[in-house]
file data28.txt (compact mmCIF, C-alpha atoms)
# COMPACT_ATOMS: atom_id res chain seq x y z
CA MET Q 107 134.59 120.47 100.53
CA ARG Q 108 136.75 117.38 100.01
CA VAL Q 109 135.42 113.84 99.98
CA ILE Q 110 137.29 112.90 103.17
CA GLU Q 111 135.72 115.84 105.01
CA VAL Q 112 132.26 114.83 103.85
CA VAL Q 113 132.86 111.28 105.06
CA GLN Q 114 134.09 112.39 108.48
CA ARG Q 115 131.45 115.02 109.16
CA SER Q 116 128.56 112.95 107.83
CA ALA Q 117 129.61 109.84 109.80
CA ALA Q 118 129.78 111.91 112.99
CA PHE Q 119 126.30 113.30 112.26
CA LEU Q 120 124.80 109.84 111.69
CA GLU Q 121 126.48 108.46 114.80
CA SER Q 122 124.89 111.27 116.84
CA ARG Q 123 121.49 110.17 115.47
CA GLY Q 124 121.97 106.55 116.54
CA VAL Q 125 122.52 105.11 113.07
CA GLU Q 126 124.48 101.85 113.06
CA SER Q 127 127.70 101.62 111.01
CA PRO Q 128 127.61 105.35 110.24
CA ARG Q 129 130.79 105.48 108.15
CA LEU Q 130 129.71 102.59 105.95
CA GLN Q 131 126.32 104.24 105.49
CA VAL Q 132 127.98 107.49 104.39
CA GLU Q 133 130.27 105.67 101.97
CA LEU Q 134 127.31 103.90 100.39
CA ILE Q 135 125.47 107.20 100.01
CA LEU Q 136 128.55 108.79 98.44
CA ALA Q 137 128.99 105.89 96.04
CA HIS Q 138 125.35 106.23 95.02
CA VAL Q 139 125.49 110.01 94.47
CA LEU Q 140 128.88 109.93 92.75
CA ARG Q 141 127.93 106.82 90.72
CA ILE Q 142 131.12 104.97 91.54
CA PRO Q 143 131.92 101.70 93.35
CA ARG Q 144 132.25 102.27 97.10
CA LEU Q 145 135.92 101.25 97.23
CA GLN Q 146 136.80 103.95 94.71
CA ILE Q 147 135.89 106.56 97.32
CA TYR Q 148 139.20 105.80 99.04
CA LEU Q 149 141.02 106.85 95.88
CA GLN Q 150 139.16 110.17 95.75
CA PHE Q 151 139.46 111.42 99.34
CA GLU Q 152 141.09 114.67 98.19
CA LYS Q 153 138.58 115.40 95.45
CA VAL Q 154 136.66 118.65 95.93
CA LEU Q 155 132.93 118.17 95.41
CA SER Q 156 130.71 120.59 93.52
CA ALA Q 157 127.88 122.44 95.23
CA ASP Q 158 125.28 120.31 93.45
CA LEU Q 159 126.90 117.07 94.63
CA LEU Q 160 127.23 118.40 98.17
CA ASP Q 161 123.54 119.32 98.21
CA ALA Q 162 122.54 115.84 97.04
CA ILE Q 163 124.79 114.16 99.63
CA ARG Q 164 123.59 116.49 102.39
CA LEU Q 165 119.93 115.72 101.65
CA ALA Q 166 120.57 111.95 101.64
CA VAL Q 167 122.54 112.07 104.89
CA GLN Q 168 119.85 114.18 106.55
CA ARG Q 169 117.20 111.65 105.53
CA ARG Q 170 119.32 108.82 106.90
CA GLY Q 171 119.71 110.79 110.14
CA GLN Q 172 115.91 110.89 110.30
CA ARG Q 173 116.12 107.07 110.21
CA VAL Q 174 114.80 106.69 106.69
CA PRO Q 175 116.15 103.28 105.60
CA LEU Q 176 119.28 103.44 103.47
CA GLN Q 177 117.57 101.17 100.94
CA HIS Q 178 114.81 103.75 100.43
CA ILE Q 179 117.40 106.47 99.89
CA LEU Q 180 119.32 104.35 97.37
CA GLY Q 181 116.10 102.97 95.83
CA SER Q 182 117.22 99.35 95.84
CA THR Q 183 118.95 96.58 97.76
CA SER Q 184 120.87 93.43 96.91
CA PHE Q 185 119.14 90.05 97.32
CA CYS Q 186 120.85 86.80 96.29
CA GLY Q 187 123.02 88.83 93.94
CA PHE Q 188 120.06 90.59 92.28
CA GLU Q 189 119.50 94.33 92.64
CA ILE Q 190 115.91 94.68 93.85
CA ASP Q 191 113.98 97.95 93.69
CA VAL Q 192 112.33 98.86 96.99
CA SER Q 193 109.93 101.55 98.16
CA PRO Q 194 107.71 102.25 101.19
CA ASP Q 195 105.16 99.93 99.53
CA VAL Q 196 107.27 96.80 100.08
CA LEU Q 197 109.11 95.11 102.91
CA ILE Q 198 112.84 95.60 102.47
CA PRO Q 199 114.25 92.09 101.84
CA ARG Q 200 116.26 90.80 104.80
CA PRO Q 201 119.55 88.89 104.52
CA GLU Q 202 117.99 85.91 106.31
CA THR Q 203 115.40 85.56 103.56
CA GLU Q 204 118.19 84.90 101.07
CA LEU Q 205 118.54 81.54 102.84
CA LEU Q 206 114.82 80.89 102.31
CA ALA Q 207 115.34 81.44 98.59
CA GLU Q 208 118.36 79.15 98.61
CA HIS Q 209 116.40 76.43 100.43
CA ALA Q 210 113.69 76.78 97.78
CA TRP Q 211 115.83 76.40 94.67
CA THR Q 212 117.89 73.66 96.35
CA TRP Q 213 114.70 71.71 97.13
CA LEU Q 214 113.54 72.13 93.54
CA SER Q 215 116.83 70.85 92.15
CA ARG Q 216 116.64 67.73 94.32
CA HIS Q 217 112.96 66.85 94.43
CA SER Q 218 110.91 68.48 91.68
CA PRO Q 219 110.12 67.41 88.12
CA ALA Q 220 111.73 69.08 85.13
CA SER Q 221 109.26 71.99 85.00
CA PRO Q 222 107.96 72.58 88.53
CA PHE Q 223 105.14 74.89 89.57
CA VAL Q 224 105.97 77.22 92.49
CA LEU Q 225 103.72 79.48 94.57
CA ASP Q 226 105.22 82.50 96.33
CA TRP Q 227 102.56 83.67 98.78
CA GLY Q 228 103.01 87.30 99.88
CA THR Q 229 105.62 88.13 97.27
CA GLY Q 230 106.29 91.75 98.32
CA SER Q 231 109.16 93.09 96.21
CA GLY Q 232 109.16 89.83 94.26
CA CYS Q 233 112.63 88.97 95.55
CA LEU Q 234 111.84 85.32 96.34
CA ALA Q 235 109.99 84.68 93.09
CA ILE Q 236 112.78 86.28 91.06
CA ALA Q 237 115.59 84.44 92.84
CA ILE Q 238 113.79 81.11 92.43
CA ALA Q 239 112.97 81.70 88.76
CA ALA Q 240 116.51 82.82 87.99
CA ASN Q 241 118.19 79.93 89.81
CA HIS Q 242 115.79 77.26 88.55
CA PRO Q 243 115.09 78.38 84.97
CA SER Q 244 112.47 75.72 84.24
CA ALA Q 245 110.27 76.76 87.19
CA ARG Q 246 106.92 78.46 86.61
CA VAL Q 247 106.19 80.79 89.53
CA THR Q 248 102.89 82.28 90.68
CA ALA Q 249 103.42 85.27 93.00
CA ILE Q 250 100.53 86.51 95.14
CA ASP Q 251 100.23 89.73 97.12
CA ILE Q 252 97.31 91.72 98.52
CA SER Q 253 98.66 95.14 97.47
CA SER Q 254 98.52 96.47 93.90
CA ALA Q 255 101.27 98.99 94.72
CA THR Q 256 103.46 96.17 95.97
CA LEU Q 257 102.85 94.14 92.83
CA ASP Q 258 103.85 97.13 90.70
CA VAL Q 259 107.27 97.05 92.37
CA ALA Q 260 107.50 93.26 92.00
CA ARG Q 261 106.66 93.42 88.29
CA ARG Q 262 109.28 96.11 87.78
CA ASN Q 263 111.86 93.90 89.47
CA ALA Q 264 110.87 90.90 87.37
CA THR Q 265 111.29 92.99 84.22
CA ARG Q 266 114.67 94.22 85.42
CA HIS Q 267 115.89 90.63 85.74
CA SER Q 268 114.22 89.24 82.60
CA VAL Q 269 111.97 86.68 84.30
CA THR Q 270 108.53 88.15 83.54
CA ASN Q 271 107.76 85.30 81.16
CA ARG Q 272 108.00 82.79 84.02
CA ILE Q 273 106.29 84.67 86.87
CA GLU Q 274 102.54 85.30 87.01
CA PHE Q 275 101.60 88.04 89.49
CA VAL Q 276 98.18 87.81 91.16
CA GLN Q 277 96.56 90.36 93.47
CA SER Q 278 94.80 88.64 96.37
CA ASP Q 279 94.93 88.10 100.12
CA GLY Q 280 94.49 84.37 99.59
CA VAL Q 281 94.56 81.71 96.89
CA GLU Q 282 90.90 81.98 95.89
CA PRO Q 283 91.50 83.79 92.55
CA LEU Q 284 93.66 80.92 91.29
CA PRO Q 285 91.90 78.33 89.12
CA ALA Q 286 90.47 75.50 91.20
CA GLY Q 287 92.92 73.02 89.73
CA SER Q 288 96.03 75.12 90.30
CA ARG Q 289 98.43 73.10 92.43
CA PHE Q 290 102.13 73.44 93.09
CA HIS Q 291 105.22 71.33 93.70
CA LEU Q 292 106.61 73.95 96.09
CA ILE Q 293 104.89 76.67 98.11
CA VAL Q 294 107.15 79.24 99.73
CA SER Q 295 106.22 82.14 101.98
CA ASN Q 296 107.63 84.72 104.37
CA PRO Q 297 104.41 85.97 106.02
CA PRO Q 298 104.16 88.77 108.59
CA TYR Q 299 105.24 87.25 111.91
CA ILE Q 300 105.89 90.09 114.37
CA PRO Q 301 103.44 90.13 117.32
CA THR Q 302 101.36 93.31 117.24
CA ALA Q 303 102.54 94.50 120.66
CA GLU Q 304 106.20 94.31 119.61
CA ILE Q 305 105.89 96.59 116.58
CA PRO Q 306 106.24 99.87 118.58
CA THR Q 307 109.55 98.55 119.97
CA LEU Q 308 111.17 97.98 116.56
CA GLU Q 309 113.91 100.16 115.13
CA PRO Q 310 112.52 103.32 113.46
CA GLU Q 311 113.71 102.12 110.04
CA VAL Q 312 111.36 99.15 110.36
CA ARG Q 313 108.55 100.51 112.53
CA ASP Q 314 108.05 103.74 110.60
CA HIS Q 315 108.96 102.75 107.05
CA ASP Q 316 108.14 99.10 106.33
CA PRO Q 317 104.45 98.55 105.45
CA SER Q 318 102.49 97.40 108.50
CA LEU Q 319 100.77 94.70 106.43
CA ALA Q 320 104.17 93.08 105.96
CA LEU Q 321 105.02 93.19 109.68
CA ASP Q 322 101.94 92.62 111.83
CA GLY Q 323 101.29 88.94 112.45
CA GLY Q 324 98.59 89.40 115.10
CA PRO Q 325 98.75 88.89 118.88
CA ASP Q 326 101.33 86.07 118.76
CA GLY Q 327 102.65 86.74 115.25
CA LEU Q 328 101.14 83.54 113.84
CA ASP Q 329 97.71 84.59 112.52
CA LEU Q 330 98.66 84.19 108.87
CA TYR Q 331 100.30 80.81 109.49
CA ARG Q 332 97.06 79.44 110.95
CA ARG Q 333 95.25 80.52 107.82
CA LEU Q 334 97.89 79.20 105.43
CA ALA Q 335 98.05 75.85 107.23
CA VAL Q 336 94.45 75.27 106.16
CA THR Q 337 94.15 77.01 102.79
CA LEU Q 338 97.40 75.75 101.26
CA ARG Q 339 96.73 72.03 101.81
CA GLU Q 340 94.57 71.72 98.70
CA ARG Q 341 97.13 73.62 96.62
CA LEU Q 342 100.07 71.25 97.13
CA LEU Q 343 100.80 68.49 94.65
CA PRO Q 344 101.68 64.97 95.84
CA GLY Q 345 105.34 64.89 96.80
CA GLY Q 346 105.39 68.68 97.17
CA ALA Q 347 106.63 70.80 100.06
CA LEU Q 348 105.69 73.92 102.00
CA LEU Q 349 108.64 76.13 102.94
CA LEU Q 350 108.12 78.94 105.48
CA GLU Q 351 110.16 81.61 107.24
CA PHE Q 352 109.20 82.56 110.80
CA GLY Q 353 110.35 84.66 113.75
CA GLU Q 354 112.66 83.90 116.63
CA GLY Q 355 111.18 81.48 119.15
CA GLN Q 356 108.12 80.64 117.05
CA ALA Q 357 109.17 77.17 115.85
CA PRO Q 358 107.40 75.11 118.57
CA ALA Q 359 104.07 76.95 118.27
CA LEU Q 360 104.21 76.95 114.47
CA SER Q 361 104.97 73.23 114.40
CA LYS Q 362 101.87 72.60 116.53
CA ILE Q 363 99.75 74.69 114.17
CA LEU Q 364 100.93 72.72 111.15
CA THR Q 365 100.61 69.27 112.69
CA ALA Q 366 97.12 70.16 113.97
CA ALA Q 367 96.22 71.04 110.37
CA ARG Q 368 97.46 67.56 109.31
CA TRP Q 369 100.84 68.51 107.86
CA SER Q 370 103.89 66.37 108.59
CA VAL Q 371 106.12 67.22 111.54
CA PRO Q 372 108.18 70.11 110.15
CA GLU Q 373 111.89 69.97 109.53
CA VAL Q 374 113.36 73.14 111.06
CA HIS Q 375 116.48 74.95 109.77
CA ALA Q 376 118.56 77.74 111.30
CA ASP Q 377 119.73 81.02 109.81
CA HIS Q 378 123.35 82.22 109.73
CA SER Q 379 123.15 83.30 113.39
CA GLY Q 380 122.05 79.83 114.50
CA ARG Q 381 118.44 80.85 115.22
CA ASP Q 382 115.62 78.62 114.02
CA ARG Q 383 114.21 80.53 111.04
CA PHE Q 384 112.81 78.19 108.36
CA LEU Q 385 110.81 75.00 108.15
CA VAL Q 386 109.82 72.58 105.45
CA THR Q 387 106.78 70.34 105.70
CA HIS Q 388 104.60 68.24 103.42
CA LEU Q 389 101.37 66.28 103.49
CA PRO Q 390 101.83 63.00 105.41
CA GLU Q 391 100.08 60.99 102.73
CA SER Q 392 102.54 62.24 100.10
CA PRO Q 393 106.13 62.27 101.37
CA PRO Q 394 108.74 64.25 99.46
CA ILE Q 395 109.95 62.76 96.18
CA SER Q 396 113.36 61.17 96.66

call {"tool": "encode", "arguments": {"input": "data28.txt", "output": "structure tokens"}}
result
Amino acid sequence: MRVIEVVQRSAAFLESRGVESPRLQVELILAHVLRIPRLQIYLQFEKVLSADLLDAIRLAVQRRGQRVPLQHILGSTSFCGFEIDVSPDVLIPRPETELLAEHAWTWLSRHSPASPFVLDWGTGSGCLAIAIAANHPSARVTAIDISSATLDVARRNATRHSVTNRIEFVQSDGVEPLPAGSRFHLIVSNPPYIPTAEIPTLEPEVRDHDPSLALDGGPDGLDLYRRLAVTLRERLLPGGALLLEFGEGQAPALSKILTAARWSVPEVHADHSGRDRFLVTHLPESPPIS
């Protein structure tokens, strides 16, 4: 079977299964199996594929038709220009979170001392910690996650991008294991924020394949934020900032949570679609360094 026939038949199959952008998905699978850049597929439309290659492509397309995330099939995804390994043990990094990383390293470049200390709470795949460490080479990052399997993936990603010497990975569901005096110039987090009742309504790729611990934020999606608003106060250095990602429509309630816990009134930022998605706050008695 020729490449063009595989593309056409596989795209039609994925479309019948409700997969978005079916042709692009097929091309990415082909590029992965054939080990070539995706655009080179257009130069090989008439190539006849071997039985072994056809079997590998067929299996991958069938899995995608079962709504297994493309990233799980490929084994990785791109985040801020870094190829990040993913698995069912970690939340697949979202494009919006690239902006959270950018806000973090931009804040560090403008406000932090020469060698800042950064806390990434709920590191998951390690994508935020890695992007921050790579874009602000003097930063020392502590990355916390509750799951040992998740941290295995994060460590592998840190090794892949040569930043293991500047990221300390800690297994915990809080900050208690850190030394009492450990404080940070910047704390960044993308906690679970989906209300429990909404999880069954999510796309199968998310609902059935992302870890529930990385999705479920409790009845209103803000359980972890209430906890962090209290526990992170003592971990922030004077002049430091707390940078958070949150879900659509949650900015007003989250702002109330933070101000009730004696943080400053948050500064809210939008994502690429114009939706409020990130906020930065600090302790009122120690405004950001200018």

call {"tool": "atom_distance", "arguments": {"input": "data28.txt", "atom1": "atom CA of Thr183 of chain Q", "atom2": "atom CA of Arg200 of chain Q"}}
result
9.5 Å

call {"tool": "residues_around", "arguments": {"input": "data28.txt", "residues": "Leu206 of chain Q", "least_positions_apart": "5", "cutoff": "10 Å", "atoms": "only C-alpha atoms", "output": "list in words"}}
result
Pro201, Trp211, Thr212, Leu234, Ile238, Val294, Ser295, Asn296, Leu349, Leu350, Glu351, His375, Asp377, Arg383, Phe384 and Leu385 of chain Q

call {"tool": "residues_around", "arguments": {"input": "data28.txt", "residues": "Ser127 of chain Q", "least_positions_apart": "4", "cutoff": "12 Å", "atoms": "all atoms listed in the file", "output": "compact mmCIF listing (two decimals) with C-alpha atoms, in the coordinates of the input"}}
result
# COMPACT_ATOMS: atom_id res chain seq x y z
CA SER Q 116 128.56 112.95 107.83
CA ALA Q 117 129.61 109.84 109.80
CA ALA Q 118 129.78 111.91 112.99
CA PHE Q 119 126.30 113.30 112.26
CA LEU Q 120 124.80 109.84 111.69
CA GLU Q 121 126.48 108.46 114.80
CA SER Q 122 124.89 111.27 116.84
CA ARG Q 123 121.49 110.17 115.47
CA GLN Q 131 126.32 104.24 105.49
CA VAL Q 132 127.98 107.49 104.39
CA GLU Q 133 130.27 105.67 101.97
CA LEU Q 134 127.31 103.90 100.39
CA ARG Q 170 119.32 108.82 106.90
CA LEU Q 176 119.28 103.44 103.47

call {"tool": "residues_around", "arguments": {"input": "data28.txt", "residues": "segment 287-293 of chain Q", "least_positions_apart": "2", "cutoff": "7 Å", "atoms": "only C-alpha atoms", "output": "number ranges by chain"}}
result
Q: 218, 222-226, 284-285, 295, 341-343, 346-349

call {"tool": "closest_residue", "arguments": {"input": "data28.txt", "among": "Q:Thr387, Q:Gln150, Q:Ser184, Q:Asn271", "to": "Ser231 of chain Q", "atoms": "all atoms listed in the file"}}
result
Q:Ser184

call {"tool": "closest_residue", "arguments": {"input": "data28.txt", "among": "Q:Asp279, Q:Glu309, Q:Asp258, Q:Asp382", "to": "Ser193 of chain Q", "atoms": "all atoms listed in the file"}}
result
Q:Asp258

call {"tool": "residues_around", "arguments": {"input": "data28.txt", "residues": "Gln177 of chain Q", "least_positions_apart": "3", "cutoff": "12 Å", "atoms": "all atoms listed in the file", "output": "PyMOL selection string"}}
result
chain Q and resi 131+134-135+138+166+169-170+173-174+180-185+189-194+196-200+311-312+315-316
